[in-house]
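Only one structure is covered here, and it is reproduced in the block below.
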Amino acid sequence: MILRPTKDNIQKAATLLKKGDVIAFPTETVYGLGAVGLNDQAIAKIYALKNRPKINPLIFHCLNIDWIKDIADVPPLAEKIADYFIPGPLTLVLQQKKDSKVSKLATAGLDTIAVRVPVHPIAQDLLSAVGTPLVAPSANLSGRISSTQASHVHSFFGDNIAAVLDGGDCCYGLESTILDLSTQTPTVLRQGAVPHETLEDVIGQPILTSSSLEKIKAPGQLKKHYAPSLPLRINVAIPKKGEAYIGFGEMECMFNLSPAGDLFEAAANLFKFLHQADDDQSFKGISIAPIPKKNIGIAINDRLMRASYQEETDE
Ligand code: TXA
Ligand code: MG
């Protein structure tokens, strides 16, 4: 059931969540598949619906920093970062509060917890109506392209979920950046909607990335992820016959991420075009133009690398 985001429908979605259902809602990054973060049964439904490995923990979505403080220890650096980026598309990994009652299933038994405060007004209204944190992974089957429109969510889950609140297109179109502050050195575990440079400017020091630590802590970092069903080739100047071509900058093509060469516009269109091309029976594959590796373009390239990753085989 796709619901218009009226006051009544947001209330209805909150009631469904409180009785243990799973519903999808828009955030500024991508759509989330939400459940109450204290309800193990509802969280188990999320893992089953997404076919998500249980070792992959979920992000807790909070209304504000006070809610974060109820479930996580917030050191001074996190406080400083929060002043600047919260609410917004940044997830922090923090030490979980010792007496926190959140679901161990959702944290995969770790002593850390991922938290974020979405700025999207529908997500904010929904959190207010529920009154407790919501866990919300991206609303897609595990390993597949995230949803940036209600119709994407519906095509993954149909009526297996109780409702989708329709907020139109997500404005960033890429998942939140994940910053780990639970260890000595702040580390980006997933490149995302907040560009790396912006984070470094605010923190005032270089930030590591998980690959530089050679440690896979966020399974969003798995080699193959965000994948369409069709084969995807990246950094392509000239497409092959039968391929859907996704361009960037001044060029004539069916899908152009941003004719003006704007990387934020490109990020917002990326998953939408991948879904469209993937759903079109007339294509045999998808190829995509080179995207500049700067600013949010770093996160775009990260997603494309993973979406196009082919396992090496002996054949
Ligand atoms: O933009 C977003 O973050 C979206 C919207 C819906 O908020 N959500 C999202 O959730 O992308 P998901 O589940 O698709 O990705 C969450 C990532 C996973 O890679 C998970 O491994 C990581 O967060 N994560 C969660 N808890 C963690 C923890 N304690 N330590 C390290 N990584 C964690
Ligand atoms: Mg995801």
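Identifiers in this document derive from the order of the structure tokens: chains are assigned A, B, ..., residues are numbered from 1 separately in each chain, and ligands are numbered from 1 in order of occurrence.
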
- Message: Distance limit 7 Å, reference ligand 1, atoms considered: only C-alpha atoms and all ligand atoms. Which residues make the cut? Give them as a VMD selection string.
- Response: chain A and resid 27 29 to 33 56 to 59 89 91 93 107 110 112 to 114 118 136 to 139 174 to 176 178 189 217 to 221

Output of the above residues as a PDB file, in the first residue's frame, restricted to C-alpha atoms:
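Dumped everything to selection.pdb:
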ATOM      1  CA  THR A  27      14.650  10.046   3.977  1.00  0.00           C
ATOM      2  CA  THR A  29      19.260   9.873   1.244  1.00  0.00           C
ATOM      3  CA  VAL A  30      17.234   6.818   0.177  1.00  0.00           C
ATOM      4  CA  TYR A  31      14.016   5.113   1.321  1.00  0.00           C
ATOM      5  CA  GLY A  32      14.325   3.145   4.555  1.00  0.00           C
ATOM      6  CA  LEU A  33      12.579  -0.060   5.593  1.00  0.00           C
ATOM      7  CA  ASN A  56      25.012  -6.863   9.160  1.00  0.00           C
ATOM      8  CA  PRO A  57      23.773  -4.360  11.771  1.00  0.00           C
ATOM      9  CA  LEU A  58      21.174  -1.629  11.197  1.00  0.00           C
ATOM     10  CA  ILE A  59      21.212   2.150  11.631  1.00  0.00           C
ATOM     11  CA  PRO A  89      22.848  12.535   5.875  1.00  0.00           C
ATOM     12  CA  THR A  91      25.629   8.298  10.320  1.00  0.00           C
ATOM     13  CA  VAL A  93      29.150   4.794  14.828  1.00  0.00           C
ATOM     14  CA  THR A 107      23.186  -4.203  16.437  1.00  0.00           C
ATOM     15  CA  LEU A 110      28.261  -5.392  18.632  1.00  0.00           C
ATOM     16  CA  THR A 112      28.897  -0.107  19.044  1.00  0.00           C
ATOM     17  CA  ILE A 113      25.782   1.393  17.435  1.00  0.00           C
ATOM     18  CA  ALA A 114      25.160   3.315  14.214  1.00  0.00           C
ATOM     19  CA  PRO A 118      17.317  12.237   9.106  1.00  0.00           C
ATOM     20  CA  ALA A 136      15.877   1.470   8.834  1.00  0.00           C
ATOM     21  CA  PRO A 137      18.143  -0.201   6.320  1.00  0.00           C
ATOM     22  CA  SER A 138      17.833   0.927   2.732  1.00  0.00           C
ATOM     23  CA  ALA A 139      14.562  -0.391   1.286  1.00  0.00           C
ATOM     24  CA  LEU A 174      22.853   8.102  -2.130  1.00  0.00           C
ATOM     25  CA  GLU A 175      23.078   6.605   1.349  1.00  0.00           C
ATOM     26  CA  SER A 176      24.436   8.514   4.338  1.00  0.00           C
ATOM     27  CA  ILE A 178      29.157   6.474   7.855  1.00  0.00           C
ATOM     28  CA  LEU A 189      33.284   3.261   6.851  1.00  0.00           C
ATOM     29  CA  LYS A 217      33.407  -3.060   9.370  1.00  0.00           C
ATOM     30  CA  ALA A 218      30.408  -1.856   7.386  1.00  0.00           C
ATOM     31  CA  PRO A 219      29.126  -4.532   5.041  1.00  0.00           C
ATOM     32  CA  GLY A 220      27.991  -1.665   2.777  1.00  0.00           C
ATOM     33  CA  GLN A 221      31.662  -2.012   1.938  1.00  0.00           C
TER      34      GLN A 221
END

- Task: List every residue of segment 187-251 of chain A that DSSP, applied to the backbone, labels as helix (DSSP H, G or I), and write the result as an MDAnalysis selection string.
- Result: chainID A and resid 196:203 210:213 219:221

Could the residues in this selection be written to a file with N, CA and C atoms, as a short mmCIF file (atom, residue, chain, number, x, y, z; two decimals), in the first residue's frame?
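Saved the output as out-v1.cif:
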data_model
loop_
_atom_site.label_atom_id
_atom_site.label_comp_id
_atom_site.auth_asym_id
_atom_site.auth_seq_id
_atom_site.Cartn_x
_atom_site.Cartn_y
_atom_site.Cartn_z
N HIS A 196 33.69 13.48 1.69
CA HIS A 196 34.85 13.27 2.57
C HIS A 196 35.53 14.61 2.92
N GLU A 197 35.74 15.44 1.89
CA GLU A 197 36.44 16.73 2.11
C GLU A 197 35.69 17.59 3.12
N THR A 198 34.35 17.58 3.02
CA THR A 198 33.54 18.41 3.91
C THR A 198 33.74 17.96 5.36
N LEU A 199 33.78 16.63 5.55
CA LEU A 199 34.00 16.10 6.90
C LEU A 199 35.38 16.52 7.42
N GLU A 200 36.39 16.38 6.56
CA GLU A 200 37.75 16.74 6.98
C GLU A 200 37.85 18.21 7.33
N ASP A 201 37.17 19.06 6.56
CA ASP A 201 37.18 20.50 6.85
C ASP A 201 36.64 20.76 8.25
N VAL A 202 35.55 20.08 8.60
CA VAL A 202 34.91 20.35 9.89
C VAL A 202 35.73 19.75 11.04
N ILE A 203 36.24 18.53 10.83
CA ILE A 203 37.00 17.88 11.91
C ILE A 203 38.39 18.50 12.03
N SER A 210 37.84 3.04 5.62
CA SER A 210 38.00 1.67 6.10
C SER A 210 38.95 0.89 5.20
N SER A 211 38.99 1.24 3.90
CA SER A 211 39.88 0.47 3.05
C SER A 211 41.34 0.73 3.44
N SER A 212 41.62 1.97 3.92
CA SER A 212 42.99 2.24 4.32
C SER A 212 43.34 1.46 5.59
N LEU A 213 42.33 1.03 6.32
CA LEU A 213 42.59 0.19 7.48
C LEU A 213 42.49 -1.29 7.12
N PRO A 219 29.32 -3.69 6.21
CA PRO A 219 29.13 -4.53 5.04
C PRO A 219 28.60 -3.78 3.82
N GLY A 220 28.22 -2.50 3.97
CA GLY A 220 27.99 -1.66 2.78
C GLY A 220 29.27 -1.60 1.97
N GLN A 221 30.37 -2.02 2.60
CA GLN A 221 31.66 -2.01 1.94
C GLN A 221 31.95 -3.33 1.22
#

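Considering the residues A:Val102, A:Ala14, A:Val188, A:Ile71 and counting only C-alpha atoms, Leu38 of chain A has its shortest atom-to-atom contact with A:Val102.
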
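Across A:Asn64, A:Thr132, A:Gln95, A:Ser142, the tightest approach to ligand 2 is made by A:Ser142 when counting only C-alpha atoms and all ligand atoms.
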
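Taking atom CA of Gln205 of chain A and atom CA of Pro186 of chain A as the two end points, the separation is 9.4 Å.
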
- Task: Identify, on the basis of only C-alpha atoms, every residue whose closest approach to Ser229 of chain A does not exceed 7 Å; exclude the query and any residue fewer than 2 positions from it along the same chain; express the result as a PyMOL selection string.
- Result: chain A and resi 227+231+278

- Message: I'd like the contact shell of segment 243-248 of chain A - 6 Å cut-off, only C-alpha atoms, skipping same-chain residues fewer than 5 positions apart - returned as a ChimeraX atom specification.
- Response: /A:255-258,283-289

Identify all residues of segment 102-179 of chain A in strand (DSSP E or B) (DSSP on the backbone) and supply them as a JSON list (two decimals) with N, CA, C and O atoms, in the first residue's frame.
[["chain", "number", "residue", "atom", "x", "y", "z"],
["A", 112, "THR", "N", 29.07, -1.43, 19.65],
["A", 112, "THR", "CA", 28.90, -0.11, 19.04],
["A", 112, "THR", "C", 27.48, -0.02, 18.46],
["A", 112, "THR", "O", 26.78, -1.02, 18.36],
["A", 113, "ILE", "N", 27.10, 1.21, 18.06],
["A", 113, "ILE", "CA", 25.78, 1.39, 17.44],
["A", 113, "ILE", "C", 25.86, 2.51, 16.40],
["A", 113, "ILE", "O", 26.56, 3.51, 16.60],
["A", 114, "ALA", "N", 25.19, 2.29, 15.26],
["A", 114, "ALA", "CA", 25.16, 3.31, 14.21],
["A", 114, "ALA", "C", 23.90, 4.15, 14.39],
["A", 114, "ALA", "O", 22.80, 3.60, 14.55],
["A", 115, "VAL", "N", 24.06, 5.47, 14.40],
["A", 115, "VAL", "CA", 22.91, 6.36, 14.64],
["A", 115, "VAL", "C", 22.89, 7.49, 13.62],
["A", 115, "VAL", "O", 23.95, 7.95, 13.18],
["A", 116, "ARG", "N", 21.70, 7.90, 13.26],
["A", 116, "ARG", "CA", 21.60, 9.10, 12.43],
["A", 116, "ARG", "C", 20.28, 9.81, 12.66],
["A", 116, "ARG", "O", 19.29, 9.18, 13.08],
["A", 134, "LEU", "N", 13.81, 4.37, 15.22],
["A", 134, "LEU", "CA", 13.44, 3.38, 14.21],
["A", 134, "LEU", "C", 14.72, 2.85, 13.56],
["A", 134, "LEU", "O", 15.59, 3.65, 13.19],
["A", 135, "VAL", "N", 14.81, 1.55, 13.42],
["A", 135, "VAL", "CA", 15.90, 1.03, 12.59],
["A", 135, "VAL", "C", 15.42, 1.06, 11.15],
["A", 135, "VAL", "O", 14.24, 0.82, 10.89],
["A", 138, "SER", "N", 18.36, 0.49, 4.01],
["A", 138, "SER", "CA", 17.83, 0.93, 2.73],
["A", 138, "SER", "C", 16.77, -0.08, 2.27],
["A", 138, "SER", "O", 16.91, -1.29, 2.49],
["A", 144, "ARG", "N", 21.17, -5.30, -3.70],
["A", 144, "ARG", "CA", 20.62, -4.67, -4.90],
["A", 144, "ARG", "C", 20.61, -3.14, -4.79],
["A", 144, "ARG", "O", 21.06, -2.58, -3.79],
["A", 163, "ALA", "N", 3.11, -0.81, 4.47],
["A", 163, "ALA", "CA", 2.88, 0.47, 3.78],
["A", 163, "ALA", "C", 4.19, 1.09, 3.34],
["A", 163, "ALA", "O", 5.26, 0.78, 3.87],
["A", 164, "VAL", "N", 4.08, 1.95, 2.32],
["A", 164, "VAL", "CA", 5.20, 2.81, 1.93],
["A", 164, "VAL", "C", 4.68, 4.25, 1.97],
["A", 164, "VAL", "O", 3.69, 4.56, 1.29],
["A", 165, "LEU", "N", 5.32, 5.09, 2.74],
["A", 165, "LEU", "CA", 4.96, 6.52, 2.70],
["A", 165, "LEU", "C", 5.67, 7.12, 1.48],
["A", 165, "LEU", "O", 6.89, 6.99, 1.34],
["A", 177, "THR", "N", 26.76, 9.04, 4.65],
["A", 177, "THR", "CA", 28.17, 8.74, 4.94],
["A", 177, "THR", "C", 28.23, 8.14, 6.34],
["A", 177, "THR", "O", 27.53, 8.62, 7.24],
["A", 178, "ILE", "N", 29.03, 7.08, 6.51],
["A", 178, "ILE", "CA", 29.16, 6.47, 7.85],
["A", 178, "ILE", "C", 30.53, 6.80, 8.42],
["A", 178, "ILE", "O", 31.56, 6.46, 7.83],
["A", 179, "LEU", "N", 30.52, 7.49, 9.57],
["A", 179, "LEU", "CA", 31.76, 7.88, 10.22],
["A", 179, "LEU", "C", 31.86, 7.15, 11.56],
["A", 179, "LEU", "O", 30.99, 7.26, 12.41]]
